[in-house]
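Here's the structure we're looking at; comments come further down.
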Amino acid sequence: MFRKLINFITFVDLPIRKKFLLFSLGVLFWFVTMFVVSIAANFVINNHTDMIMHQVIPVDKVMRKITRKLQSLNNDAAELSNISDITTLNQRTEISRARIMDLRSFISVLVLGGQVNDINRDTDKLIESLSVVPSDGAMDAKKYSNSMKPLLEAMYLKLTEIASLKAKILNNKLQNDQLAEKINEYRALISSSKEITIKYSADISESYIATLGKTKEITRLTLFLFTGVLMIATALLIIFTITISNSIAILVNSIIEQIKSLGAGKVDLTKKIAIRSKDEIGVLSEEFNTLTEEIYDVVMFKKVIEEDDSLEDVYSRLGKAFSDKLGLNNYIIYEIPDNHNTMKPAYPILLNNKEIFCNEDILINCNLCKVKKTGHMISSIAYPDICKQFRSDLNKDHICIPMIIGGKTGGVVQFLFDKHDHTIDRKDKRLFKAEQYIKESLSVIEAKRLTNTLRESALKDSLTNLYNRRFLQEYTETLVSGVLRREKVVGLIMCDLDFFKQVNDHYGHNVGDAVLKETAEVIKKCVRTSDLVIRFGGEEFLVLLLDINEGDTMKTAEKIREAIEATKIKVSDGTIKKTISLGISEFPIDTESFWQAIKFADVALYKAKETGRNKSVKFDKEMWGEDGF
């Protein structure tokens with residue numbers, strides 16, 4: 001019967017969910033009870049303490065200062081009868097007046113609150129400065145103030161009267177008979193003020209004692225309540241803990257062992273759980289919550305990068321995941337373009353190749369990279385000096401993870417650590433998570449690479465690898481708005497090989513294609529990397545010189561013309577040389593329409609052809625009015 005009662009009270013026979021729900025509600029009840037008691041006690045004690053600290057003690061200090069000022073005034077009165085010269089009389093009178101003014105200030109602060117500055121009037125040095133809050137009904141400062149103000153006014157007038165009498169006595173204009181009487185009246189006023197002050201000080205002391213007594217009483221009551229609540233809660237907690245732990249401990253321990261075995265095995269990251277806590281229920285809840293959060297983070301990460309516009313955004317977001325979520329701050333993401341033997345840092349964008357931690361040769365020949373060759377992760381922590389391309393002079397360790405895209409290594413993520421950092425090893429859970437982020441991003445990177453390839457092929461000429469007219473049509477608006485915003489000039493050079501049809505007719509189209517490719521390479525070498533070279537059609541090329549000064553286009557055009565004229569192109573039976581004609585216009589100098597500026601460059605090219613070829617001609621407005629345009 002007793003056992004059944006215990007089982008009913010401790011919910012042993014109930015389902016686990018209900019058991020923990022009721023257990024939680026019970027614990028919550030006792031916590032709320034203790035919280036309410038503590039808050040109530042703390043509130044009352046704080047009120048009493050604040051009253052003592054901010055009202056009683058400061059007021060008591062002020063009253064002591066008032067008493068000391070009154071005593072000083074009494075001493076000043078005794079000295080007034082013995083003063084023998086006018087200067088000393090005036091000094092002592094002013095000091096006494098200042099003390100009376102201090103008393104007025106102190107009494108006003110007691111009623112209204114404020115700052116008390118206690119100054120030694122004999123030396124004019126600040127003794128102490130303290131703040132006083134307005135007193136409540138327990139300390140009737142207003143009544144004390146009303147009693148003191150008339151006395152202070154009378155003291156001030158009496159002091160003035162005494163000073164005047166003493167001055168006349170010193171000037172032999174009056175006998176000393178009346179002075180003693182006035183001083184006695186003055187000291188009587190001081191004595192009355194001291195009596196009122198002493199009585200008010202006694203009231204303050206009584207208030208302090210009463211408040212302190214209430215605080216002690218509340219503290220004792222709070223301690224009693226806490227002890228009672230704690231004893232009841234502890235007894236119930238012991239009963240609940242023993243019965244509940246006995247009912248579920250075996251099950252929980254079994255689950256924990258299974259989780260540990262999974263965590264120690266070489267399995268996919270989505271099936272691994274890192275064990276951090278030894279508390280049974282806490283471990284179970286915490287780890288499943290952590291797992292849920294991690295899965296959610298990875299899923300959301302993939303959704304976000306799928307919506308990113310460019311590969312650069314994907315690499316940037318992958319890098320931020322390493323640093324923000326995993327605490328891996330030192331890393332480089334390398335990209336290996338399709339059908340290329342090169343590799344380049346994709347994130348972070350490095351200023352120069354000197355900032356990488358491997359020999360620069362891998363950027364030219366990616367097959368020198370051990371991860372690229374093997375397709376699996378390598379670690380200098382597990383195997384020192386495993387990669388000969390890693391710079392040993394940097395006193396760093398590295399772990400490199402391949403990015404397998406389309407069945408081959410399409411990139412490498414290199415994590416860097418301080419040498420001999422024993423907190424890092426191959427089983428570091430952060431690296432497991434980093435691998436998962438990399439795996440989730442691979443399909444997105446592959447899709448965006450394919451999209452870029454398709455887009456690039458649509459915007460580039462397959463023969464010369466230059467941008468085509470479609471690229472110009474798509475990006476004209478962006479280009480023009482940027483130039484106008486920067487208030488710069490775009491130089492346009494329309495280039496056309498002279499007598500190109502003769503090459504195709506005499507040597508064949510293979511040689512013609514070789515001439516076009518060589519011409520494209522020569523033009524690209526004559527302009528900056530920021531400039532654009534476009535195959536406009538057939539043997540025509542359009543060069544866009546971005547952000548130049550007015551008049552600079554002709555210099556570049558002549559540079560191109562001279563370079564083409566000096567180029568020898570190999571053919572089956574020797575070499576040939578070609579010339580080129582160039583038409584020039586400048587946007588927005590010649591026109592505010594970009595496409596009209598291209599037309600003007602074409603008109604200037606026609607003029608160059610018409611006037612002898614192998615020359616550069618700048619557009620002039622007179623050309624536009626000629627017949628045929």
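How things are named: the first chain in the structure tokens is A, the next is B, and so on; residues count from 1 in each chain; ligands count from 1 in the order shown.
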
* To do: Using only C-alpha atoms, determine which residues lie at most 10 Å from Gly482 (chain A), disregarding the query and same-chain residues fewer than 6 positions distant; provide the list as a PyMOL selection string.
  => chain A and resi 476+488+546-547

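If you look at CA of Asp313 (chain A) and CA of Met343 (chain A), they are 18.3 Å away from each other.
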
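Put simply, CA of Val132 (chain A) is 24.3 Å away from CA of Ser96 (chain A).
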
| task | Output as a PyMOL selection string all residues of region 377-446 of chain A that backbone DSSP marks as helix (DSSP H, G or I). | result | chain A and resi 392-394+429-446

Contacts of Thr88 (chain A) at 12 Å or less, counting only C-alpha atoms, minus same-chain residues fewer than 3 places along, as a list of chain:residue names?
A:Asp76, A:Glu79, A:Leu80, A:Ser81, A:Asn82, A:Ile83, A:Ser84, A:Asp85, A:Gln91, A:Arg92, A:Thr93, A:Glu94, A:Ile95, A:Ala163, A:Lys166, A:Ala167, A:Leu170

One decimal place gives the CA of Asn395 (chain A)-CA of Asp418 (chain A) separation as 6.8 Å

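Of the residues under consideration (A:Gly491, A:Leu103, A:Ala597, A:Asp573), A:Gly491 shows the shortest atom-to-atom contact distance to Lys555 (chain A) when counting only C-alpha atoms.
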
Give the strand (DSSP E) residues of region 395-607 of chain A, as DSSP finds them on the backbone, and put them as a ChimeraX atom specification.
/A:396-405,408-418,489-497,532-537,540-548,569-571,574-576,580-587

Fewer than 4 positions away in the same chain doesn't count, so skip those; otherwise give me all residues within 10 Å of Val603 (chain A), counting only C-alpha atoms, as a PyMOL selection string.
chain A and resi 494+583-585+597-599+607-609+617-620+623-624+628-629

Taking C-alpha atoms for each residue, export the selection above as a compact mmCIF listing (two decimals), in the first residue's frame.
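The result, written out as part.txt:
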# COMPACT_ATOMS: atom_id res chain seq x y z
CA MET A 494 36.31 50.48 -84.33
CA GLY A 583 37.75 54.80 -86.45
CA ILE A 584 37.61 56.75 -83.19
CA SER A 585 34.86 58.43 -81.16
CA ALA A 597 29.02 56.89 -80.36
CA ILE A 598 29.62 53.37 -81.77
CA LYS A 599 28.04 54.52 -85.04
CA LYS A 607 36.61 57.56 -93.60
CA ALA A 608 39.91 55.81 -92.75
CA LYS A 609 39.17 53.13 -95.38
CA VAL A 617 40.72 58.70 -87.96
CA LYS A 618 38.90 60.64 -85.24
CA PHE A 619 35.21 61.29 -85.82
CA ASP A 620 34.26 64.81 -86.79
CA MET A 623 31.48 63.37 -91.42
CA TRP A 624 27.91 62.78 -90.25
CA GLY A 628 26.01 57.90 -97.71
CA PHE A 629 25.67 58.00 -93.91

From the list A:Leu463, A:Thr215, A:Asn172, A:Asp397, the nearest residue to Asn47 (chain A) using only C-alpha atoms is A:Thr215

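Using only C-alpha atoms, the smallest distance between any of A:Phe600, A:Cys400, A:Leu394, A:Ser131 and Ala382 (chain A) comes from A:Cys400.
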
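Ranking A:Leu492, A:Val109, A:Ile238, A:Ala604 by their shortest atom-to-atom distance to Phe541 (chain A), with only C-alpha atoms included, puts A:Leu492 first.
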
Counting only C-alpha atoms, closest pick from A:Phe432, A:Phe35, A:Asp140, A:Leu25 relative to Gln55 (chain A) is A:Asp140

(Q) Can you pull out the residues contacting Lys303 (chain A)? Cut-off 10 Å, using only C-alpha atoms, and skip same-chain residues under 5 positions away; I want them as an NGL selection string. (A) :A and (297-298 or 308 or 440-441 or 444)

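Using only C-alpha atoms for every distance, the candidate list A:Ile404, A:Leu311, A:Ile333, A:Val229 yields A:Val229 as the residue closest to Met34 (chain A).
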
Show me, as a list in words, the residues that have an atom within 9 Å of Gly410 (chain A) when counting only C-alpha atoms, minus same-chain residues fewer than 4 positions from it. Tyr334, Glu335, Ile336, Pro337, Asp338, Lys372, Pro402, Met403, Ile404, Ile405, Gly406 and Glu446 of chain A

Please save C-alpha atoms of the selected residues as an mmCIF file, in the first residue's frame.
data_model
loop_
_atom_site.group_PDB
_atom_site.id
_atom_site.type_symbol
_atom_site.label_atom_id
_atom_site.label_comp_id
_atom_site.auth_asym_id
_atom_site.auth_seq_id
_atom_site.Cartn_x
_atom_site.Cartn_y
_atom_site.Cartn_z
ATOM 1 C CA TYR A 334 41.143 27.582 -54.071
ATOM 2 C CA GLU A 335 39.194 27.196 -57.304
ATOM 3 C CA ILE A 336 40.326 24.907 -60.141
ATOM 4 C CA PRO A 337 38.587 25.979 -63.383
ATOM 5 C CA ASP A 338 37.246 23.305 -65.715
ATOM 6 C CA LYS A 372 44.307 17.794 -56.533
ATOM 7 C CA PRO A 402 39.251 18.541 -51.772
ATOM 8 C CA MET A 403 36.054 19.814 -53.386
ATOM 9 C CA ILE A 404 34.971 16.972 -55.660
ATOM 10 C CA ILE A 405 32.856 18.456 -58.436
ATOM 11 C CA GLY A 406 31.639 16.354 -61.335
ATOM 12 C CA GLU A 446 28.742 22.679 -59.860
#

>> Show me, as a PyMOL selection string, the residues that have an atom within 10 Å of Asp496 (chain A) when counting only C-alpha atoms, minus same-chain residues fewer than 5 positions from it.
In response: chain A and resi 536-542+579-583+602+605-606+608-609+613-614
